[in-house]
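**Student:** Handing you this structure, nothing more for now.
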Amino acid sequence: MAIQKYEPALDLVKDRMDQINGLMEKFKDLPDVQQKLQGAKDALQESEEEMMNYYDLTDIAKRDLN
């Protein structure tokens with residue numbers, strides 16, 4: 001089974017992911033920090049997905065109303 005690499009759609013999210021990845025590399029020897037940073041990445045990805053779904057729904061609503 002191939003692992004899919006997550007690619008952020010929003011520039012802001014991409015920037016934050018890069019920052020988190022840099023911190024993960026910097027603190028690679030601290031498992032507690034790694035765990036918290038991974039949690040931050042997961043939450044950021046979930047938030048981006050929710051934002052994209054919201055914008056998709058508002059776009060659909062705008063088209064249906066016009």
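Identifiers in the structure tokens: chain A, B, ... in order shown; residue index from 1 per chain; ligand index from 1 in order shown.
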Find the residues near Asn21 of chain A: any atom within 12 Å, counting only C-alpha atoms, skip ones fewer than 2 places away on the same chain, and give them as a count of residues only.
**Tutor:** 18
**Student:** Taking only chain A into account, list the residues labelled alpha helix (DSSP H) by DSSP (computed from the backbone), as a PyMOL selection string.
**Tutor:** chain A and resi 11-26+31-65
**Student:** I'd like to know which of A:Asp29, A:Asp59, A:Gly22, A:Val13 is closest to Ser47 of chain A, using only C-alpha atoms.
**Tutor:**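 Closest residue, counting only C-alpha atoms: A:Val13.
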